[in-house]
>>> print(open('protein_26.cif').read())   # mmCIF, C-alpha atoms
data_query
#
loop_
_atom_site.label_atom_id
_atom_site.label_comp_id
_atom_site.auth_asym_id
_atom_site.auth_seq_id
_atom_site.Cartn_x
_atom_site.Cartn_y
_atom_site.Cartn_z
CA MET Z 1 0.00 0.00 0.00
CA LYS Z 2 1.34 3.37 -0.99
CA ASP Z 3 1.17 6.14 1.62
CA ASP Z 4 0.74 8.96 -0.81
CA TYR Z 5 -0.57 12.35 0.12
CA ARG Z 6 -3.82 13.50 -1.42
CA THR Z 7 -4.87 17.12 -1.31
CA ALA Z 8 -8.41 18.39 -1.56
CA SER Z 9 -9.42 21.99 -1.95
CA GLN Z 10 -13.01 22.58 -0.99
CA SER Z 11 -13.85 26.14 -0.13
CA PRO Z 12 -13.19 27.17 2.53
CA ALA Z 13 -11.22 24.15 3.82
CA SER Z 14 -7.96 23.01 2.31
CA PHE Z 15 -6.59 19.77 3.69
CA THR Z 16 -4.41 16.76 3.05
CA VAL Z 17 -5.28 13.11 3.69
CA ARG Z 18 -2.63 10.61 4.74
CA THR Z 19 -2.06 7.59 6.92
CA VAL Z 20 -1.47 8.42 10.55
CA SER Z 21 0.69 6.87 13.23
CA TRP Z 22 0.18 6.60 16.97
CA ALA Z 23 2.29 9.76 17.31
CA ASP Z 24 -0.14 11.61 15.01
CA LEU Z 25 -3.07 10.44 17.11
CA ARG Z 26 -1.96 12.59 20.03
CA HIS Z 27 -3.47 15.38 17.92
CA ALA Z 28 -6.91 13.71 17.78
CA ASN Z 29 -8.13 15.62 20.83
CA PRO Z 30 -8.87 18.80 18.82
CA ILE Z 31 -11.37 16.89 16.64
CA ASP Z 32 -14.68 18.23 17.89
CA VAL Z 33 -17.08 15.27 17.60
CA SER Z 34 -19.94 17.17 19.22
CA GLU Z 35 -23.29 16.86 17.52
CA ARG Z 36 -26.95 17.20 18.37
CA GLY Z 37 -30.17 16.23 16.74
CA ASP Z 38 -33.88 15.77 17.20
CA VAL Z 39 -34.36 12.31 15.63
CA VAL Z 40 -32.81 8.91 16.29
CA LEU Z 41 -33.13 6.38 13.48
CA ALA Z 42 -33.51 2.61 13.81
CA TRP Z 43 -33.49 -0.24 11.29
CA VAL Z 44 -36.19 -2.70 12.35
CA ASP Z 45 -37.64 -5.56 10.30
CA GLY Z 46 -36.24 -4.22 7.04
CA ALA Z 47 -37.50 -0.66 7.46
CA MET Z 48 -36.02 2.60 8.71
CA GLY Z 49 -37.90 4.11 11.61
CA ALA Z 50 -37.51 7.47 13.29
CA ASP Z 51 -37.87 8.21 16.98
CA PRO Z 52 -38.26 11.97 17.45
CA HIS Z 53 -36.38 13.10 20.53
CA GLU Z 54 -33.52 15.44 21.36
CA TRP Z 55 -30.05 13.91 21.69
CA GLU Z 56 -26.54 15.27 22.05
CA ARG Z 57 -22.99 13.97 21.79
CA PRO Z 58 -20.64 16.30 23.69
CA ARG Z 59 -17.11 17.18 22.66
CA TRP Z 60 -14.58 14.61 23.84
CA ASP Z 61 -11.75 15.81 26.05
CA ALA Z 62 -8.18 14.46 25.83
CA ASP Z 63 -8.85 11.65 28.35
CA LEU Z 64 -11.95 10.46 26.52
CA TRP Z 65 -10.13 10.58 23.16
CA GLU Z 66 -7.37 8.43 24.64
CA GLN Z 67 -9.94 5.95 25.99
CA ARG Z 68 -11.77 5.80 22.66
CA LEU Z 69 -8.60 5.24 20.64
CA ALA Z 70 -7.43 2.47 22.98
CA GLY Z 71 -10.88 0.88 22.90
CA TRP Z 72 -11.02 0.97 19.10
CA TRP Z 73 -7.67 -0.81 18.83
CA LEU Z 74 -8.87 -3.55 21.17
CA THR Z 75 -12.43 -4.07 19.88
CA LEU Z 76 -12.47 -2.90 16.26
CA ARG Z 77 -8.88 -3.85 15.39
CA PRO Z 78 -8.24 -1.39 12.53
CA ASP Z 79 -5.37 -2.15 10.19
CA VAL Z 80 -4.82 1.44 9.11
CA MET Z 81 -5.88 4.91 10.22
CA ILE Z 82 -5.96 7.91 7.95
CA GLY Z 83 -6.25 11.52 8.91
CA ALA Z 84 -7.28 14.75 7.25
CA PHE Z 85 -4.98 17.62 8.15
CA SER Z 86 -5.41 21.36 7.77
CA GLY Z 87 -1.78 22.36 8.14
CA ASP Z 88 -0.65 20.50 11.28
CA GLU Z 89 -4.18 20.25 12.72
CA LEU Z 90 -5.88 16.86 12.57
CA ILE Z 91 -9.44 17.70 11.45
CA GLY Z 92 -10.73 14.25 10.52
CA LEU Z 93 -9.97 10.63 11.22
CA ALA Z 94 -11.03 7.36 9.62
CA SER Z 95 -9.89 3.79 10.11
CA LEU Z 96 -10.11 0.61 8.09
CA ARG Z 97 -10.08 -3.05 9.03
CA HIS Z 98 -9.16 -4.99 5.89
CA ARG Z 99 -10.99 -8.20 6.77
CA LEU Z 100 -14.14 -8.23 8.86
CA GLN Z 101 -15.44 -11.25 6.90
CA PRO Z 102 -14.16 -12.90 3.73
CA GLY Z 103 -14.32 -10.28 0.98
CA MET Z 104 -15.60 -7.62 3.36
CA ALA Z 105 -13.58 -4.78 4.88
CA GLN Z 106 -14.87 -2.49 7.64
CA LEU Z 107 -14.87 1.26 8.06
CA THR Z 108 -14.25 1.17 11.80
CA THR Z 109 -14.31 4.90 12.55
CA LEU Z 110 -15.05 8.18 10.79
CA HIS Z 111 -14.96 11.50 12.63
CA VAL Z 112 -14.70 15.04 11.30
CA SER Z 113 -14.32 18.10 13.49
CA GLN Z 114 -17.54 20.09 13.64
CA THR Z 115 -16.13 23.25 12.03
CA TYR Z 116 -14.95 21.23 8.99
CA ARG Z 117 -18.15 19.27 8.33
CA ARG Z 118 -19.87 19.58 4.95
CA GLN Z 119 -16.63 20.73 3.33
CA GLY Z 120 -15.58 17.48 1.68
CA VAL Z 121 -13.42 16.12 4.51
CA ALA Z 122 -15.56 13.04 5.24
CA SER Z 123 -16.02 12.44 1.51
CA GLN Z 124 -12.27 12.46 0.91
CA LEU Z 125 -11.62 10.20 3.90
CA MET Z 126 -14.33 7.81 2.68
CA ALA Z 127 -12.92 7.77 -0.85
CA GLU Z 128 -9.50 6.87 0.53
CA VAL Z 129 -10.93 4.12 2.78
CA MET Z 130 -12.86 2.68 -0.18
CA ARG Z 131 -9.72 2.75 -2.35
CA MET Z 132 -7.68 1.01 0.35
CA ALA Z 133 -10.41 -1.61 0.87
CA ARG Z 134 -10.56 -2.39 -2.87
CA ASP Z 135 -6.76 -2.48 -3.08
CA GLY Z 136 -6.82 -4.94 -0.16
CA GLY Z 137 -9.12 -7.28 -2.09
CA ALA Z 138 -12.49 -6.41 -0.54
CA SER Z 139 -15.62 -6.33 -2.66
CA ARG Z 140 -17.81 -4.95 0.14
CA LEU Z 141 -17.39 -2.39 2.94
CA TYR Z 142 -19.22 -2.62 6.28
CA VAL Z 143 -20.00 0.19 8.70
CA SER Z 144 -21.82 0.32 12.01
CA ALA Z 145 -23.29 3.81 11.79
CA VAL Z 146 -24.48 6.14 14.51
CA PRO Z 147 -28.27 6.34 14.05
CA SER Z 148 -28.37 10.07 13.26
CA THR Z 149 -29.95 11.46 10.12
CA SER Z 150 -26.67 13.13 9.14
CA ALA Z 151 -24.62 9.91 9.46
CA ILE Z 152 -27.16 7.70 7.70
CA GLY Z 153 -27.67 10.32 4.98
CA PHE Z 154 -23.92 10.50 4.41
CA TYR Z 155 -23.48 6.73 4.16
CA THR Z 156 -26.52 6.13 1.94
CA SER Z 157 -25.30 8.86 -0.42
CA ARG Z 158 -22.08 6.82 -0.75
CA GLY Z 159 -23.93 3.62 -1.67
CA PHE Z 160 -24.32 2.00 1.76
CA ARG Z 161 -27.55 0.16 2.51
CA PRO Z 162 -28.78 -1.17 5.87
CA THR Z 163 -28.37 -4.90 6.28
CA ASP Z 164 -30.79 -7.33 7.90
CA THR Z 165 -27.85 -9.63 8.68
CA PRO Z 166 -25.31 -7.55 10.60
CA ASP Z 167 -21.97 -8.98 11.61
CA PRO Z 168 -22.75 -10.68 14.94
CA ASP Z 169 -19.66 -9.34 16.73
CA MET Z 170 -20.24 -5.77 15.54
CA PHE Z 171 -23.94 -5.96 16.38
CA ALA Z 172 -23.07 -7.16 19.90
CA LEU Z 173 -20.72 -4.17 20.32
CA GLU Z 174 -23.08 -1.59 18.82
CA PRO Z 175 -26.69 -2.82 18.88
CA GLU Z 176 -28.19 0.67 18.63
CA ASP Z 177 -26.23 1.52 15.47
CA ILE Z 178 -27.48 0.97 11.95
CA HIS Z 179 -25.32 -1.69 10.31
CA MET Z 180 -24.74 -1.03 6.62
CA ILE Z 181 -22.89 -2.54 3.66
CA CYS Z 182 -21.63 -0.98 0.43
CA GLU Z 183 -20.66 -2.89 -2.69
CA LEU Z 184 -17.24 -1.74 -3.84
#
>>> encode(input="protein_26.cif", output="structure tokens")
Amino acid sequence: MKDDYRTASQSPASFTVRTVSWADLRHANPIDVSERGDVVLAWVDGAMGADPHEWERPRWDADLWEQRLAGWWLTLRPDVMIGAFSGDELIGLASLRHRLQPGMAQLTTLHVSQTYRRQGVASQLMAEVMRMARDGGASRLYVSAVPSTSAIGFYTSRGFRPTDTPDPDMFALEPEDIHMICEL
């Protein structure tokens, strides 16, 4: 796998996407994952349902980022992490597990700092993850998605569809998420 640098210019954000190391991850703390909404989605019996109620995910502090990163390595077992950088600032992070099941890779994480959302950062990270998954021999990509309208809208616009047969281990870890698959 080639660790080339890819640059995207999307007004007003300009950023580069590259693989990241553990040393780079010390900069993950500035990624503002905060989000709020008024609907929680659920995939039940082959249909998307909506539960209207207020929800909020607060910004993670340095300790919580460290806990999340350590937890991801233990439970999700990503093979590679890629970051989006605006200068030296890490503004987005995605990770890929090459083999969740035979022929299926997994997008294990995707986070973009709030001030950089809807500027092409997540799209560029996703494109790179999809390229890496295909290069690794996968024909499908799996994601366990937060049940927000923004997350599900993003993934469905990239070709993901909810699955009625989620990966049992991933479903056990994240039963409230919407488990989706994309043909590569």
>>> residues_around(input="protein_26.cif", residues="Z:Pro175", least_positions_apart="5", cutoff="12 Å", atoms="all atoms listed in the file", output="list in words")
Ala42, Trp43, Val44, Ser144, Ala145, Val146, Pro147, Pro166, Asp167, Pro168, Asp169 and Met170 of chain Z
>>> closest_residue(input="protein_26.cif", among="Z:Arg131, Z:Thr108, Z:Leu184, Z:Asn29", to="Z:Trp72", atoms="all atoms listed in the file")
Z:Thr108
>>> atom_distance(input="protein_26.cif", atom1="atom CA of Z:Gly136", atom2="atom CA of Z:Ser113")
27.8 Å
>>> resolve_selection(input="protein_26.cif", expression="the PyMOL selection byres ((chain Z and resi 38) around 10)", output="list of chain:residue names")
Z:Arg36, Z:Gly37, Z:Val39, Z:Val40, Z:Ala50, Z:Asp51, Z:Pro52, Z:His53, Z:Glu54, Z:Trp55, Z:Glu56, Z:Ser148, Z:Thr149
>>> resolve_selection(input="protein_26.cif", expression="the PyMOL selection byres ((chain Z and resi 57) around 6)", output="JSON, numbers by chain")
{"Z": [34, 35, 56, 58]}
>>> resolve_selection(input="protein_26.cif", expression="the PyMOL selection byres ((chain Z and resi 31) around 9)", output="ChimeraX atom specification")
/Z:27-30,32-34,59-60,89-93,111-114
>>> atom_distance(input="protein_26.cif", atom1="atom CA of Z:Asp24", atom2="atom CA of Z:Ala84")
11.0 Å
>>> atom_distance(input="protein_26.cif", atom1="atom CA of Z:Ala133", atom2="atom CA of Z:Leu41")
27.2 Å
>>> closest_atom_pairs(input="protein_26.cif", of="stretch 140-178 of chain Z", to="stretch 102-106 of chain Z", cutoff="9 Å", atoms="all atoms listed in the file", output="Markdown table")
| residue | atom | partner | partner_atom | distance |
| --- | --- | --- | --- | --- |
| Z:Arg140 | CA | Z:Met104 | CA | 4.7 |
| Z:Leu141 | CA | Z:Ala105 | CA | 4.9 |
| Z:Tyr142 | CA | Z:Gln106 | CA | 4.6 |
| Z:Val143 | CA | Z:Gln106 | CA | 5.9 |
| Z:Ser144 | CA | Z:Gln106 | CA | 8.7 |
>>> closest_residue(input="protein_26.cif", among="Z:Ser86, Z:Thr109, Z:Gln119, Z:Gln101", to="Z:Trp73", atoms="all atoms listed in the file")
Z:Thr109
>>> axis_aligned_box(input="protein_26.cif", around="stretch 45-56 of chain Z", padding_each_side="4 Å", output="JSON")
{"center_x": -32.4, "center_y": 4.9, "center_z": 14.5, "size_x": 19.7, "size_y": 29.0, "size_z": 23.0}
>>> closest_residue(input="protein_26.cif", among="Z:Ala94, Z:Leu100, Z:Ile152, Z:Ala70", to="Z:Met126", atoms="all atoms listed in the file")
Z:Ala94
>>> residues_around(input="protein_26.cif", residues="Z:Thr156", least_positions_apart="5", cutoff="9 Å", atoms="only C-alpha atoms", output="tab-separated table (two decimals) with C-alpha atoms, keeping the file's coordinate frame")
chain	number	residue	atom	x	y	z
Z	151	ALA	CA	-24.62	9.91	9.46
Z	161	ARG	CA	-27.55	0.16	2.51
Z	162	PRO	CA	-28.78	-1.17	5.87
Z	180	MET	CA	-24.74	-1.03	6.62
Z	182	CYS	CA	-21.63	-0.98	0.43
>>> residues_near_point(input="protein_26.cif", point="(-32.0, -8.7, 4.3)", cutoff="9 Å", atoms="only C-alpha atoms", output="list in words")
Asp45, Gly46, Pro162, Thr163, Asp164 and Thr165 of chain Z
>>> build_atoms(input="protein_26.cif", residues="stretch 89-117 of chain Z", atoms="N, CA and C atoms", output="PDB file, keeping the file's coordinate frame")
ATOM      1  N   GLU Z  89      -3.013  20.602  11.914  1.00  0.00           N
ATOM      2  CA  GLU Z  89      -4.180  20.250  12.720  1.00  0.00           C
ATOM      3  C   GLU Z  89      -4.912  19.046  12.135  1.00  0.00           C
ATOM      4  N   LEU Z  90      -5.104  18.032  12.961  1.00  0.00           N
ATOM      5  CA  LEU Z  90      -5.880  16.860  12.570  1.00  0.00           C
ATOM      6  C   LEU Z  90      -7.357  17.242  12.653  1.00  0.00           C
ATOM      7  N   ILE Z  91      -8.050  17.254  11.504  1.00  0.00           N
ATOM      8  CA  ILE Z  91      -9.440  17.700  11.450  1.00  0.00           C
ATOM      9  C   ILE Z  91     -10.415  16.557  11.170  1.00  0.00           C
ATOM     10  N   GLY Z  92      -9.881  15.406  10.792  1.00  0.00           N
ATOM     11  CA  GLY Z  92     -10.730  14.250  10.520  1.00  0.00           C
ATOM     12  C   GLY Z  92      -9.929  12.976  10.661  1.00  0.00           C
ATOM     13  N   LEU Z  93     -10.639  11.896  10.976  1.00  0.00           N
ATOM     14  CA  LEU Z  93      -9.970  10.630  11.220  1.00  0.00           C
ATOM     15  C   LEU Z  93     -10.877   9.495  10.748  1.00  0.00           C
ATOM     16  N   ALA Z  94     -10.300   8.552  10.049  1.00  0.00           N
ATOM     17  CA  ALA Z  94     -11.030   7.360   9.620  1.00  0.00           C
ATOM     18  C   ALA Z  94     -10.108   6.165   9.793  1.00  0.00           C
ATOM     19  N   SER Z  95     -10.713   4.988   9.983  1.00  0.00           N
ATOM     20  CA  SER Z  95      -9.890   3.790  10.110  1.00  0.00           C
ATOM     21  C   SER Z  95     -10.546   2.634   9.371  1.00  0.00           C
ATOM     22  N   LEU Z  96      -9.693   1.727   8.928  1.00  0.00           N
ATOM     23  CA  LEU Z  96     -10.110   0.610   8.090  1.00  0.00           C
ATOM     24  C   LEU Z  96      -9.580  -0.695   8.664  1.00  0.00           C
ATOM     25  N   ARG Z  97     -10.449  -1.658   8.721  1.00  0.00           N
ATOM     26  CA  ARG Z  97     -10.080  -3.050   9.030  1.00  0.00           C
ATOM     27  C   ARG Z  97     -10.228  -3.799   7.713  1.00  0.00           C
ATOM     28  N   HIS Z  98      -9.152  -4.371   7.218  1.00  0.00           N
ATOM     29  CA  HIS Z  98      -9.160  -4.990   5.890  1.00  0.00           C
ATOM     30  C   HIS Z  98     -10.054  -6.229   5.797  1.00  0.00           C
ATOM     31  N   ARG Z  99     -10.211  -6.959   6.891  1.00  0.00           N
ATOM     32  CA  ARG Z  99     -10.990  -8.200   6.770  1.00  0.00           C
ATOM     33  C   ARG Z  99     -11.898  -8.382   7.989  1.00  0.00           C
ATOM     34  N   LEU Z 100     -13.133  -7.950   7.839  1.00  0.00           N
ATOM     35  CA  LEU Z 100     -14.140  -8.230   8.860  1.00  0.00           C
ATOM     36  C   LEU Z 100     -14.688  -9.633   8.625  1.00  0.00           C
ATOM     37  N   GLN Z 101     -14.991  -9.938   7.365  1.00  0.00           N
ATOM     38  CA  GLN Z 101     -15.440 -11.250   6.900  1.00  0.00           C
ATOM     39  C   GLN Z 101     -14.752 -11.480   5.568  1.00  0.00           C
ATOM     40  N   PRO Z 102     -14.773 -12.688   5.044  1.00  0.00           N
ATOM     41  CA  PRO Z 102     -14.160 -12.900   3.730  1.00  0.00           C
ATOM     42  C   PRO Z 102     -14.765 -11.958   2.675  1.00  0.00           C
ATOM     43  N   GLY Z 103     -13.896 -11.214   2.018  1.00  0.00           N
ATOM     44  CA  GLY Z 103     -14.320 -10.280   0.980  1.00  0.00           C
ATOM     45  C   GLY Z 103     -14.933  -8.989   1.485  1.00  0.00           C
ATOM     46  N   MET Z 104     -14.979  -8.810   2.803  1.00  0.00           N
ATOM     47  CA  MET Z 104     -15.600  -7.620   3.360  1.00  0.00           C
ATOM     48  C   MET Z 104     -14.666  -6.896   4.322  1.00  0.00           C
ATOM     49  N   ALA Z 105     -14.360  -5.636   3.995  1.00  0.00           N
ATOM     50  CA  ALA Z 105     -13.580  -4.780   4.880  1.00  0.00           C
ATOM     51  C   ALA Z 105     -14.562  -4.003   5.759  1.00  0.00           C
ATOM     52  N   GLN Z 106     -14.018  -3.266   6.737  1.00  0.00           N
ATOM     53  CA  GLN Z 106     -14.870  -2.490   7.640  1.00  0.00           C
ATOM     54  C   GLN Z 106     -14.315  -1.098   7.837  1.00  0.00           C
ATOM     55  N   LEU Z 107     -15.170  -0.104   7.632  1.00  0.00           N
ATOM     56  CA  LEU Z 107     -14.870   1.260   8.060  1.00  0.00           C
ATOM     57  C   LEU Z 107     -15.125   1.258   9.558  1.00  0.00           C
ATOM     58  N   THR Z 108     -14.067   1.314  10.359  1.00  0.00           N
ATOM     59  CA  THR Z 108     -14.250   1.170  11.800  1.00  0.00           C
ATOM     60  C   THR Z 108     -14.537   2.490  12.497  1.00  0.00           C
ATOM     61  N   THR Z 109     -14.026   3.587  11.968  1.00  0.00           N
ATOM     62  CA  THR Z 109     -14.310   4.900  12.550  1.00  0.00           C
ATOM     63  C   THR Z 109     -14.282   5.957  11.459  1.00  0.00           C
ATOM     64  N   LEU Z 110     -15.069   6.991  11.656  1.00  0.00           N
ATOM     65  CA  LEU Z 110     -15.050   8.180  10.790  1.00  0.00           C
ATOM     66  C   LEU Z 110     -15.527   9.351  11.627  1.00  0.00           C
ATOM     67  N   HIS Z 111     -14.633  10.299  11.849  1.00  0.00           N
ATOM     68  CA  HIS Z 111     -14.960  11.500  12.630  1.00  0.00           C
ATOM     69  C   HIS Z 111     -14.366  12.719  11.940  1.00  0.00           C
ATOM     70  N   VAL Z 112     -15.156  13.774  11.850  1.00  0.00           N
ATOM     71  CA  VAL Z 112     -14.700  15.040  11.300  1.00  0.00           C
ATOM     72  C   VAL Z 112     -15.049  16.133  12.298  1.00  0.00           C
ATOM     73  N   SER Z 113     -14.092  17.009  12.550  1.00  0.00           N
ATOM     74  CA  SER Z 113     -14.320  18.100  13.490  1.00  0.00           C
ATOM     75  C   SER Z 113     -15.482  18.974  13.015  1.00  0.00           C
ATOM     76  N   GLN Z 114     -16.301  19.390  13.952  1.00  0.00           N
ATOM     77  CA  GLN Z 114     -17.540  20.090  13.640  1.00  0.00           C
ATOM     78  C   GLN Z 114     -17.351  21.277  12.686  1.00  0.00           C
ATOM     79  N   THR Z 115     -16.318  22.070  12.876  1.00  0.00           N
ATOM     80  CA  THR Z 115     -16.130  23.250  12.030  1.00  0.00           C
ATOM     81  C   THR Z 115     -15.725  22.901  10.595  1.00  0.00           C
ATOM     82  N   TYR Z 116     -15.367  21.648  10.336  1.00  0.00           N
ATOM     83  CA  TYR Z 116     -14.950  21.230   8.990  1.00  0.00           C
ATOM     84  C   TYR Z 116     -15.978  20.322   8.307  1.00  0.00           C
ATOM     85  N   ARG Z 117     -17.123  20.122   8.941  1.00  0.00           N
ATOM     86  CA  ARG Z 117     -18.150  19.270   8.330  1.00  0.00           C
ATOM     87  C   ARG Z 117     -18.772  19.957   7.122  1.00  0.00           C
TER      88      ARG Z 117
END
